[in-house]
$ cat coords.txt   # compact mmCIF, C-alpha atoms
# COMPACT_ATOMS: atom_id res chain seq x y z
CA MET T 1 14.17 19.72 62.44
CA GLY T 2 15.03 18.07 59.11
CA LEU T 3 12.57 16.37 56.81
CA ARG T 4 12.60 12.60 56.76
CA ALA T 5 12.58 10.78 53.42
CA ALA T 6 9.62 8.55 52.67
CA PRO T 7 10.40 4.87 53.21
CA SER T 8 10.72 2.57 50.23
CA CYS T 9 8.11 0.00 49.21
CA ALA T 10 10.13 -2.81 50.74
CA ALA T 11 10.65 -0.88 53.95
CA ALA T 12 6.97 -0.04 54.18
CA ALA T 13 6.04 -3.68 53.69
CA ALA T 14 8.50 -4.80 56.38
CA SER T 15 7.22 -2.17 58.75
CA ALA T 16 3.65 -3.33 58.12
CA ALA T 17 4.56 -6.91 58.92
CA ALA T 18 6.30 -5.93 62.16
CA ALA T 19 3.66 -3.57 63.48
CA GLY T 20 0.29 -4.03 61.77
CA ALA T 21 -1.64 -1.68 64.02
CA GLU T 22 0.88 1.10 63.69
CA GLN T 23 1.06 0.58 59.95
CA ARG T 24 -2.73 0.91 59.68
CA ARG T 25 -2.53 4.32 61.34
CA ARG T 26 0.10 5.54 58.88
CA PRO T 27 -0.62 6.62 55.27
CA GLN T 28 0.04 3.60 53.08
CA LEU T 29 2.84 4.45 50.69
CA CYS T 30 2.51 1.16 48.85
CA PRO T 31 -0.66 -0.60 47.75
CA PRO T 32 -1.69 -4.04 49.00
CA PRO T 33 -0.87 -6.97 46.69
CA LEU T 34 -4.21 -6.99 44.83
CA ALA T 35 -4.10 -3.26 44.12
CA LEU T 36 -0.45 -3.53 43.19
CA LEU T 37 -1.34 -6.18 40.60
CA LEU T 38 -4.06 -3.91 39.24
CA LEU T 39 -1.62 -1.02 38.91
CA LEU T 40 0.82 -3.32 37.17
CA LEU T 41 -1.83 -4.26 34.62
CA LEU T 42 -2.87 -0.65 34.15
CA SER T 43 0.74 0.31 33.47
CA LEU T 44 0.44 -1.56 30.18
CA GLY T 45 -2.13 1.04 29.18
CA LEU T 46 0.36 3.90 29.49
CA LEU T 47 -0.37 4.61 33.17
CA HIS T 48 2.64 5.31 35.32
CA ALA T 49 3.34 2.47 37.74
CA GLY T 50 6.43 1.20 39.54
CA ASP T 51 7.79 3.87 41.86
CA CYS T 52 5.86 4.54 45.01
CA GLN T 53 6.04 8.25 44.27
CA GLN T 54 7.01 9.77 40.90
CA PRO T 55 8.18 13.35 41.26
CA ALA T 56 8.10 14.00 37.49
CA GLN T 57 5.72 12.99 34.69
CA CYS T 58 6.71 10.11 32.44
CA ARG T 59 6.23 11.27 28.84
CA ILE T 60 6.70 7.95 27.04
CA GLN T 61 3.22 8.22 25.53
CA LYS T 62 4.18 11.54 23.87
CA CYS T 63 7.38 9.96 22.52
CA THR T 64 5.41 7.07 21.03
CA THR T 65 2.76 9.35 19.54
CA ASP T 66 5.45 11.47 17.86
CA PHE T 67 7.14 8.37 16.42
CA VAL T 68 3.85 7.11 14.97
CA SER T 69 3.22 10.54 13.45
CA LEU T 70 6.68 10.59 11.86
CA THR T 71 6.35 7.12 10.32
CA SER T 72 2.65 6.74 9.48
CA HIS T 73 3.15 8.04 5.93
CA LEU T 74 6.23 5.95 5.10
CA ASN T 75 6.04 3.07 2.61
CA SER T 76 8.71 0.38 2.58
CA ALA T 77 8.35 0.06 -1.21
CA ILE T 78 9.58 3.62 -1.74
CA ASP T 79 13.23 4.64 -2.01
CA GLY T 80 14.48 6.46 1.06
CA PHE T 81 12.28 4.50 3.48
CA ASP T 82 15.19 3.15 5.55
CA SER T 83 16.79 6.58 5.89
CA GLU T 84 13.58 8.26 7.03
CA PHE T 85 12.66 5.39 9.33
CA CYS T 86 16.10 5.49 10.99
CA LYS T 87 15.76 9.26 11.52
CA ALA T 88 12.44 8.70 13.23
CA LEU T 89 13.90 5.90 15.38
CA ARG T 90 16.77 8.12 16.52
CA ALA T 91 14.28 10.84 17.40
CA TYR T 92 12.25 8.27 19.34
CA ALA T 93 15.37 7.08 21.19
CA GLY T 94 16.33 10.66 22.06
CA CYS T 95 12.85 11.32 23.42
CA THR T 96 12.96 8.23 25.64
CA GLN T 97 16.37 9.25 26.98
CA ARG T 98 15.08 12.67 27.96
CA THR T 99 12.24 11.14 29.97
CA SER T 100 14.20 8.17 31.34
CA LYS T 101 14.48 9.50 34.90
CA ALA T 102 10.73 10.00 35.26
CA CYS T 103 9.98 6.62 33.64
CA ARG T 104 12.30 4.40 35.71
CA GLY T 105 9.53 2.06 36.81
CA ASN T 106 7.27 2.32 33.77
CA LEU T 107 6.89 -0.98 31.90
CA VAL T 108 5.78 0.74 28.71
CA TYR T 109 8.93 2.86 28.76
CA HIS T 110 11.21 -0.17 29.12
CA SER T 111 9.31 -2.02 26.39
CA ALA T 112 9.74 1.00 24.09
CA VAL T 113 13.50 1.13 24.77
CA LEU T 114 13.86 -2.56 23.92
CA GLY T 115 11.66 -2.16 20.84
CA ILE T 116 13.73 0.76 19.56
CA SER T 117 16.92 -1.25 19.98
CA ASP T 118 15.45 -4.20 18.07
CA LEU T 119 14.16 -2.01 15.23
CA MET T 120 17.50 -0.21 14.89
CA SER T 121 19.25 -3.57 14.58
CA GLN T 122 16.73 -4.85 12.03
CA ARG T 123 17.06 -1.73 9.87
CA ASN T 124 20.83 -1.37 10.38
CA CYS T 125 20.31 2.11 11.83
CA SER T 126 23.32 3.82 13.37
CA LYS T 127 22.81 5.40 16.78
CA ASP T 128 24.46 8.61 15.59
CA GLY T 129 23.03 10.60 12.72
CA PRO T 130 20.27 13.01 11.73
CA THR T 131 16.92 12.77 13.48
CA SER T 132 13.40 13.63 12.43
CA SER T 133 11.85 16.69 14.01
CA THR T 134 8.24 17.04 15.11
CA ASN T 135 8.43 20.76 14.35
CA PRO T 136 6.64 21.29 11.01
CA GLU T 137 8.55 24.48 10.36
CA VAL T 138 11.74 22.45 10.39
CA THR T 139 10.53 19.37 8.49
CA HIS T 140 8.56 21.17 5.77
CA ASP T 141 9.91 20.41 2.32
CA PRO T 142 7.83 21.75 -0.59
CA CYS T 143 9.08 18.92 -2.82
CA ASN T 144 8.23 16.14 -0.38
CA TYR T 145 4.49 15.48 -0.24
CA HIS T 146 4.79 13.48 2.97
CA SER T 147 6.64 16.34 4.63
CA HIS T 148 4.18 19.13 3.91
CA ALA T 149 1.19 16.82 4.44
CA GLY T 150 2.60 16.05 7.87
CA ALA T 151 3.16 19.75 8.53
CA ARG T 152 -0.51 20.47 7.74
CA GLU T 153 -1.53 17.77 10.18
CA HIS T 154 0.61 19.24 12.97
CA ARG T 155 -0.85 22.69 12.35
CA GLY T 156 -4.34 21.28 12.74
CA GLY T 157 -5.26 21.58 9.07
CA ASP T 158 -5.73 17.80 8.74
CA LEU T 159 -6.98 15.62 11.56
CA ASN T 160 -5.88 12.43 9.79
CA PRO T 161 -2.77 11.50 7.78
CA PRO T 162 -3.22 11.56 3.98
CA SER T 163 -5.07 8.61 2.48
CA TYR T 164 -3.85 6.83 -0.63
CA LEU T 165 -5.52 5.16 -3.61
CA PHE T 166 -4.38 2.28 -5.80
CA CYS T 167 -5.03 1.51 -9.46
CA GLY T 168 -3.72 -1.39 -11.52
CA LEU T 169 -4.02 -2.77 -15.06
CA PHE T 170 -2.82 -6.17 -16.27
CA GLY T 171 -3.75 -9.11 -18.45
CA ASP T 172 -6.58 -9.12 -20.99
CA PRO T 173 -6.90 -6.33 -19.61
CA HIS T 174 -8.15 -6.43 -16.03
CA LEU T 175 -8.61 -3.11 -14.28
CA ARG T 176 -8.62 -2.38 -10.56
CA THR T 177 -9.90 1.17 -10.02
CA PHE T 178 -9.16 3.69 -7.28
CA LYS T 179 -12.44 2.54 -5.68
CA ASP T 180 -11.26 -1.10 -5.61
CA HIS T 181 -13.74 -2.06 -8.32
CA PHE T 182 -12.47 -4.87 -10.52
CA GLN T 183 -13.40 -5.04 -14.20
CA THR T 184 -12.42 -6.94 -17.32
CA CYS T 185 -12.60 -4.68 -20.38
CA LYS T 186 -12.01 -4.49 -24.12
CA VAL T 187 -10.83 -0.85 -24.43
CA GLU T 188 -8.94 -1.38 -27.68
CA GLY T 189 -6.76 1.55 -28.71
CA ALA T 190 -5.55 4.44 -26.54
CA TRP T 191 -7.34 5.16 -23.25
CA PRO T 192 -6.59 7.45 -20.29
CA LEU T 193 -6.12 5.63 -17.00
CA ILE T 194 -5.29 8.79 -15.02
CA ASP T 195 -5.61 12.43 -16.04
CA ASN T 196 -5.49 14.90 -13.16
CA ASN T 197 -3.64 18.13 -12.39
CA TYR T 198 -0.44 16.29 -11.47
CA LEU T 199 -0.22 13.08 -13.47
CA SER T 200 -1.42 11.63 -16.78
CA VAL T 201 -1.25 7.95 -17.67
CA GLN T 202 -2.42 6.62 -21.03
CA VAL T 203 -2.41 3.00 -22.17
CA THR T 204 -2.77 1.49 -25.63
CA ASN T 205 -4.37 -1.95 -25.94
CA VAL T 206 -4.29 -4.30 -28.90
CA PRO T 207 -6.17 -7.56 -29.65
CA VAL T 208 -4.51 -10.62 -28.18
CA VAL T 209 -6.09 -13.40 -30.24
CA PRO T 210 -7.56 -12.90 -33.73
CA GLY T 211 -11.32 -12.92 -33.61
CA SER T 212 -11.49 -12.19 -29.88
CA SER T 213 -12.52 -8.92 -28.24
CA ALA T 214 -9.96 -9.45 -25.46
CA THR T 215 -7.03 -7.02 -25.60
CA ALA T 216 -3.77 -6.43 -23.71
CA THR T 217 -1.51 -3.41 -23.17
CA ASN T 218 1.49 -2.90 -25.45
CA LYS T 219 2.18 0.80 -24.79
CA ILE T 220 2.16 3.05 -21.70
CA THR T 221 2.74 6.81 -21.64
CA ILE T 222 3.18 8.59 -18.29
CA ILE T 223 3.38 12.37 -17.93
CA PHE T 224 4.55 13.89 -14.65
CA LYS T 225 3.36 17.48 -14.99
CA ALA T 226 5.60 20.43 -14.09
CA HIS T 227 5.28 21.34 -10.42
CA ARG T 228 6.70 24.67 -9.29
CA GLU T 229 10.33 24.35 -8.23
CA CYS T 230 10.15 20.57 -7.78
CA THR T 231 10.39 19.30 -11.37
CA ASP T 232 9.91 20.21 -15.00
CA GLN T 233 7.43 18.14 -17.00
CA LYS T 234 8.78 14.63 -17.51
CA VAL T 235 7.45 12.04 -19.94
CA TYR T 236 8.03 8.30 -19.66
CA GLN T 237 7.06 5.92 -22.45
CA ALA T 238 7.24 2.13 -22.59
CA VAL T 239 6.31 -0.18 -25.46
CA THR T 240 6.65 -3.92 -25.87
CA ASP T 241 10.34 -4.90 -25.79
CA ASP T 242 11.37 -1.34 -24.91
CA LEU T 243 11.04 -0.64 -21.19
CA PRO T 244 13.58 2.16 -20.70
CA ALA T 245 15.22 3.14 -17.42
CA ALA T 246 14.89 6.84 -18.25
CA PHE T 247 12.42 9.49 -19.35
CA VAL T 248 12.12 10.28 -23.04
CA ASP T 249 14.59 13.17 -22.67
CA GLY T 250 17.24 10.74 -21.41
CA SER T 251 17.15 11.89 -17.79
CA THR T 252 16.51 9.57 -14.88
CA SER T 253 15.34 12.18 -12.38
CA GLY T 254 13.58 15.49 -11.94
CA GLY T 255 14.28 18.32 -9.53
CA ASP T 256 17.46 19.73 -8.07
CA GLY T 257 19.54 18.77 -5.08
CA ASP T 258 20.90 15.48 -3.80
CA THR T 259 17.45 14.10 -2.98
CA LYS T 260 15.56 14.07 -6.27
CA SER T 261 11.86 14.84 -6.19
CA LEU T 262 11.24 12.48 -9.15
CA LEU T 263 13.22 9.35 -9.90
CA VAL T 264 13.21 6.41 -12.33
CA VAL T 265 14.60 3.19 -10.84
CA GLU T 266 15.27 0.10 -12.96
CA ARG T 267 14.65 -3.00 -10.87
CA GLU T 268 15.04 -5.59 -13.65
CA SER T 269 16.61 -4.61 -16.94
CA GLY T 270 14.00 -4.35 -19.67
CA ARG T 271 11.35 -5.97 -17.44
CA TYR T 272 10.56 -3.89 -14.37
CA VAL T 273 10.82 -0.14 -13.71
CA GLU T 274 9.64 1.96 -10.79
CA MET T 275 8.99 5.71 -10.70
CA HIS T 276 8.93 7.60 -7.40
CA ALA T 277 7.51 11.13 -7.39
CA ARG T 278 8.23 12.47 -3.88
CA TYR T 279 6.67 15.85 -4.58
CA ILE T 280 3.25 14.27 -5.14
CA GLY T 281 3.69 11.19 -2.94
CA THR T 282 3.16 8.90 -5.93
CA THR T 283 4.70 5.57 -6.94
CA VAL T 284 4.33 3.86 -10.33
CA PHE T 285 5.36 0.31 -11.27
CA VAL T 286 5.65 -0.74 -14.94
CA ARG T 287 6.44 -4.32 -15.95
CA GLN T 288 6.71 -6.33 -19.15
CA LEU T 289 5.58 -9.95 -18.91
CA GLY T 290 5.62 -11.86 -22.17
CA ARG T 291 4.55 -9.50 -24.95
CA TYR T 292 2.49 -7.15 -22.83
CA LEU T 293 2.81 -4.49 -20.12
CA THR T 294 1.29 -4.08 -16.67
CA LEU T 295 0.89 -0.97 -14.56
CA ALA T 296 0.35 -0.22 -10.85
CA VAL T 297 -0.07 3.26 -9.31
CA ARG T 298 -0.29 4.49 -5.72
CA MET T 299 -1.32 8.15 -5.29
CA PRO T 300 -2.68 10.41 -2.51
CA GLU T 301 -6.45 10.67 -2.72
CA ASP T 302 -6.54 14.47 -2.61
CA LEU T 303 -4.25 14.69 -5.67
CA ALA T 304 -5.86 11.83 -7.59
CA MET T 305 -9.23 13.57 -7.30
CA SER T 306 -7.89 16.96 -8.45
CA TYR T 307 -9.14 17.24 -12.03
CA GLU T 308 -11.46 19.28 -14.22
CA GLU T 309 -14.82 18.17 -15.66
CA SER T 310 -13.18 17.73 -19.05
CA GLN T 311 -10.88 15.10 -17.52
CA ASP T 312 -13.63 12.79 -16.29
CA LEU T 313 -12.79 9.95 -18.71
CA GLN T 314 -10.31 8.19 -16.46
CA LEU T 315 -10.48 4.43 -16.19
CA CYS T 316 -8.83 4.45 -12.74
CA VAL T 317 -11.49 6.86 -11.45
CA ASN T 318 -14.71 5.77 -13.16
CA GLY T 319 -13.84 2.37 -14.59
CA CYS T 320 -14.40 1.21 -18.15
CA PRO T 321 -17.51 2.41 -19.99
CA LEU T 322 -20.31 -0.15 -19.94
CA SER T 323 -19.97 -0.71 -23.68
CA GLU T 324 -16.31 -1.71 -23.18
CA ARG T 325 -16.79 -4.27 -20.40
CA ILE T 326 -16.67 -8.00 -20.96
CA ASP T 327 -17.53 -9.00 -17.39
CA ASP T 328 -20.72 -8.81 -15.37
CA GLY T 329 -20.00 -5.34 -14.01
CA GLN T 330 -18.72 -6.69 -10.68
CA GLY T 331 -15.39 -8.02 -11.85
CA GLN T 332 -16.68 -11.53 -12.36
CA VAL T 333 -15.48 -13.22 -15.52
CA SER T 334 -17.44 -16.33 -14.66
CA ALA T 335 -21.13 -17.22 -14.68
CA ILE T 336 -21.94 -14.23 -16.86
CA LEU T 337 -24.59 -15.85 -18.98
CA GLY T 338 -26.08 -17.78 -16.10
CA HIS T 339 -26.09 -21.05 -18.02
CA HIS T 340 -23.57 -23.57 -19.26
CA VAL T 341 -22.60 -23.85 -22.91
CA PRO T 342 -21.71 -27.34 -24.25
CA ARG T 343 -18.01 -27.93 -24.60
CA THR T 344 -18.31 -28.50 -28.34
CA SER T 345 -19.03 -24.80 -28.74
CA LEU T 346 -15.85 -23.89 -26.91
CA ALA T 347 -13.21 -25.70 -28.90
CA PRO T 348 -11.80 -22.59 -30.69
CA ALA T 349 -11.40 -20.77 -27.38
CA TRP T 350 -9.20 -23.33 -25.67
CA PRO T 351 -5.72 -22.96 -27.28
CA GLY T 352 -3.72 -25.44 -25.25
CA TYR T 353 -5.49 -25.36 -21.87
CA THR T 354 -8.49 -27.11 -20.44
CA LEU T 355 -10.31 -25.49 -17.57
CA GLU T 356 -8.77 -27.99 -15.17
CA ALA T 357 -5.24 -27.45 -16.50
CA ALA T 358 -5.58 -23.65 -16.42
CA SER T 359 -6.91 -23.74 -12.85
CA ALA T 360 -4.05 -25.98 -11.72
CA HIS T 361 -1.46 -23.80 -13.45
CA CYS T 362 -2.77 -20.59 -11.85
CA HIS T 363 -3.17 -22.25 -8.44
CA GLU T 364 0.58 -22.94 -8.34
CA LYS T 365 1.28 -19.20 -8.26
CA MET T 366 -1.86 -18.00 -6.49
CA PRO T 367 -3.14 -20.36 -3.80
CA VAL T 368 -5.90 -17.93 -2.80
CA LYS T 369 -8.67 -18.31 -5.36
CA ASP T 370 -9.67 -14.66 -5.53
CA ILE T 371 -10.39 -12.46 -8.53
CA TYR T 372 -6.68 -12.47 -9.53
CA PHE T 373 -6.71 -16.25 -9.71
CA GLN T 374 -9.94 -16.13 -11.67
CA SER T 375 -8.47 -13.59 -14.10
CA CYS T 376 -5.41 -15.79 -14.57
CA VAL T 377 -7.63 -18.73 -15.56
CA PHE T 378 -9.64 -16.54 -17.91
CA ASP T 379 -6.47 -15.26 -19.61
CA LEU T 380 -5.03 -18.74 -20.06
CA LEU T 381 -8.22 -20.05 -21.61
CA THR T 382 -8.52 -17.00 -23.84
CA THR T 383 -4.91 -16.81 -25.07
CA GLY T 384 -3.09 -20.00 -24.18
CA ASP T 385 -0.15 -17.77 -23.13
CA ALA T 386 1.36 -18.84 -19.80
CA ASN T 387 2.94 -15.38 -19.37
CA PHE T 388 -0.47 -14.14 -18.28
CA THR T 389 -0.09 -16.26 -15.16
CA ALA T 390 3.02 -14.28 -14.26
CA ALA T 391 1.14 -11.07 -15.05
CA ALA T 392 -1.67 -11.90 -12.61
CA HIS T 393 0.81 -12.99 -9.94
CA SER T 394 2.87 -9.81 -10.34
CA ALA T 395 -0.27 -7.68 -10.29
CA LEU T 396 -1.20 -9.15 -6.91
CA ALA T 397 2.37 -8.60 -5.67
CA ASP T 398 2.12 -4.95 -6.73
CA VAL T 399 -1.13 -4.62 -4.80
CA GLU T 400 0.56 -5.98 -1.69
CA ALA T 401 3.45 -3.52 -2.13
CA LEU T 402 1.41 -0.41 -2.88
CA HIS T 403 -2.18 -0.77 -1.68
CA PRO T 404 -2.55 1.04 1.68
CA ARG T 405 -5.11 -1.37 3.18
CA LYS T 406 -4.12 -4.99 3.67
CA GLU T 407 -7.68 -6.16 4.21
CA ARG T 408 -8.49 -5.12 0.62
CA TRP T 409 -5.62 -6.84 -1.15
CA HIS T 410 -7.77 -9.79 -2.16
CA ILE T 411 -11.06 -9.28 -3.97
CA PHE T 412 -13.57 -12.10 -4.14
CA PRO T 413 -16.47 -12.32 -6.62
CA SER T 414 -19.63 -10.94 -5.05
CA GLY T 415 -21.58 -14.18 -5.36
CA SER T 416 -18.88 -16.48 -4.02
CA ARG T 417 -18.49 -15.54 -0.37
CA GLY T 418 -18.55 -19.17 0.68
CA SER T 419 -17.17 -21.12 -2.22
CA ALA T 420 -14.55 -18.70 -3.50
CA ARG T 421 -13.15 -17.95 -0.07
CA ALA T 422 -12.94 -21.64 0.59
CA GLY T 423 -11.11 -22.13 -2.69
CA SER T 424 -13.85 -23.98 -4.55
CA PRO T 425 -13.15 -24.46 -8.28
CA TRP T 426 -16.78 -23.58 -8.98
CA ALA T 427 -15.85 -19.91 -8.51
CA VAL T 428 -14.22 -20.27 -11.92
CA GLY T 429 -15.98 -23.26 -13.33
CA LEU T 430 -19.61 -22.14 -13.18
CA GLY T 431 -19.79 -20.48 -16.52
CA LEU T 432 -16.30 -19.12 -17.26
CA PRO T 433 -16.37 -21.02 -20.57
CA CYS T 434 -19.56 -19.12 -21.41
CA LEU T 435 -17.71 -15.81 -21.41
CA ILE T 436 -14.92 -17.15 -23.56
CA PHE T 437 -17.48 -18.45 -26.00
CA VAL T 438 -19.00 -14.95 -26.19
CA LEU T 439 -15.59 -13.41 -26.92
CA PHE T 440 -15.26 -15.47 -30.06
CA LEU T 441 -18.76 -14.78 -31.41

$ encode --input "coords.txt" --output "structure tokens"
Amino acid sequence: MGLRAAPSCAAAAASAAAAGAEQRRRPQLCPPPLALLLLLLLSLGLLHAGDCQQPAQCRIQKCTTDFVSLTSHLNSAIDGFDSEFCKALRAYAGCTQRTSKACRGNLVYHSAVLGISDLMSQRNCSKDGPTSSTNPEVTHDPCNYHSHAGAREHRGGDLNPPSYLFCGLFGDPHLRTFKDHFQTCKVEGAWPLIDNNYLSVQVTNVPVVPGSSATATNKITIIFKAHRECTDQKVYQAVTDDLPAAFVDGSTSGGDGDTKSLLVVERESGRYVEMHARYIGTTVFVRQLGRYLTLAVRMPEDLAMSYEESQDLQLCVNGCPLSERIDDGQGQVSAILGHHVPRTSLAPAWPGYTLEAASAHCHEKMPVKDIYFQSCVFDLLTTGDANFTAAAHSALADVEALHPRKERWHIFPSGSRGSARAGSPWAVGLGLPCLIFVLFL
């Protein structure tokens, strides 16, 4: 006697309508409407719904987890992002195809298939080509920090993907440290921003306005230290009106092979250069705006914190020394003295801008009145140089491109949770002239 196939959902429902009593005696192959709705909702949470009986396990959740693992370290600001992202998408597509039979009725599976198709179109990914592998033995590349960091994670050495830190310097100068502390400093002369076992960055600051303690950066020296087979030591140096698209030895890359482990990329001739160090997962932006330079660095935390006791004077790590700060220690360049100084005392410090005009000028570029807006106003009142507005705006753009945590892009003065976030001019106006007056004493 042969085995009879189980009826379909539609057949079971029809049978139930025709013979309710008999249907109640049989095992129900399909749920009643309310339970069916519940299963449909649960399917959005990666449960397997749709078929009455699924002979094989749908592995769409594993496919999605692998894709997230392959792409979590990627940064769209770094060269090679599209290539790596397309490899991961093709691997994702291949995984969904292999589990397609078991996932016929799974809503999450069909959503993933549509999502993959949309992403491949957006990124201009071809369906044929190399794919990423979830096997760390295959993907390990000693000169690709993301690759061997991912391999450690797969082997269980790291439970979380690598975390990244950001440091930036711009304007008069304003420093954002690896800890997201914001300071306005004097630091005239040469100072180390970063000095660890992999990277050294030194800046030189000069006075901006005669008689003022405010300074700005006119020279940046960056040393990518030799790293096994990945690259020899490379030195990059920029000074005002000389922002080269190459290292000091004339080369534009470090390392062997088609995919360079260290690369200099000129984005705007004489104005904007990027450096991508794949072997240490680090990106550096250098810009010239007006007569001065700005810097932004993104680096893995474990490498940024790899330094000896003798290397502890790093502005990106510990901030400016107290004796070199010209803010209130919390990044606020306003309300430092706690009282208002009459305008007659401020005349020498306002070369071309009133507080209202400076605020309006900065607001055009930076509608959010955060610490970058405040720094822009401070720089305009201190120097009268409108290029500092572009410097503050570009510094914020660099944060948005490199900082790993979107919720920390904007920094607001500690005492202005209500007014500054609402865009009140008092965030700048309550005492900013006092600081400028102090600078000219």

$ atom_distance --input "coords.txt" --atom1 "CA of Asn387 in chain T" --atom2 "CA of Thr215 in chain T"
14.4 Å

$ atom_distance --input "coords.txt" --atom1 "CA of Phe182 in chain T" --atom2 "CA of Ile326 in chain T"
11.7 Å

$ atom_distance --input "coords.txt" --atom1 "CA of Gly171 in chain T" --atom2 "CA of Val284 in chain T"
17.3 Å

$ axis_aligned_box --input "coords.txt" --around "range 57-71 of chain T" --padding-each-side "4 Å" --output "lines of an AutoDock Vina configuration file"
center_x = 5.1
center_y = 10.0
center_z = 22.5
size_x = 12.6
size_y = 13.9
size_z = 32.4

$ closest_residue --input "coords.txt" --among "T:Glu364, T:Asp141, T:Asp249, T:Glu309" --to "Val235 in chain T" --atoms "only C-alpha atoms"
T:Asp249

$ closest_residue --input "coords.txt" --among "T:Asp195, T:Glu407, T:Glu274, T:Asp256" --to "Tyr236 in chain T" --atoms "only C-alpha atoms"
T:Glu274

$ closest_residue --input "coords.txt" --among "T:Arg291, T:His181, T:Arg104, T:Lys234" --to "Lys219 in chain T" --atoms "all atoms listed in the file"
T:Arg291

$ residues_around --input "coords.txt" --residues "range 129-132 of chain T" --least-positions-apart "2" --cutoff "9 Å" --atoms "only C-alpha atoms" --output "ChimeraX atom specification"
/T:70,84-92,94,125-127,134-135,139

$ closest_residue --input "coords.txt" --among "T:Cys376, T:Asp370, T:Ser72, T:Val108" --to "Ala358 in chain T" --atoms "all atoms listed in the file"
T:Cys376

$ closest_residue --input "coords.txt" --among "T:Val209, T:Ala360, T:Ala216, T:Cys167" --to "Ala304 in chain T" --atoms "all atoms listed in the file"
T:Cys167

$ residues_around --input "coords.txt" --residues "His393 in chain T" --least-positions-apart "2" --cutoff "8 Å" --atoms "all atoms listed in the file" --output "number ranges by chain"
T: 365-366, 372, 389-391, 395-397

$ residues_around --input "coords.txt" --residues "Gln97 in chain T" --least-positions-apart "6" --cutoff "12 Å" --atoms "all atoms listed in the file" --output "PyMOL selection string"
chain T and resi 58-60+63+90-91+103-104+109-110+112-113+116

$ residues_around --input "coords.txt" --residues "Asp385 in chain T" --least-positions-apart "3" --cutoff "10 Å" --atoms "only C-alpha atoms" --output "JSON, numbers by chain"
{"T": [208, 290, 291, 351, 352, 353, 379, 380, 381, 382, 388, 389]}

$ closest_residue --input "coords.txt" --among "T:Trp191, T:Thr184, T:Asn196, T:Thr99" --to "Glu308 in chain T" --atoms "only C-alpha atoms"
T:Asn196
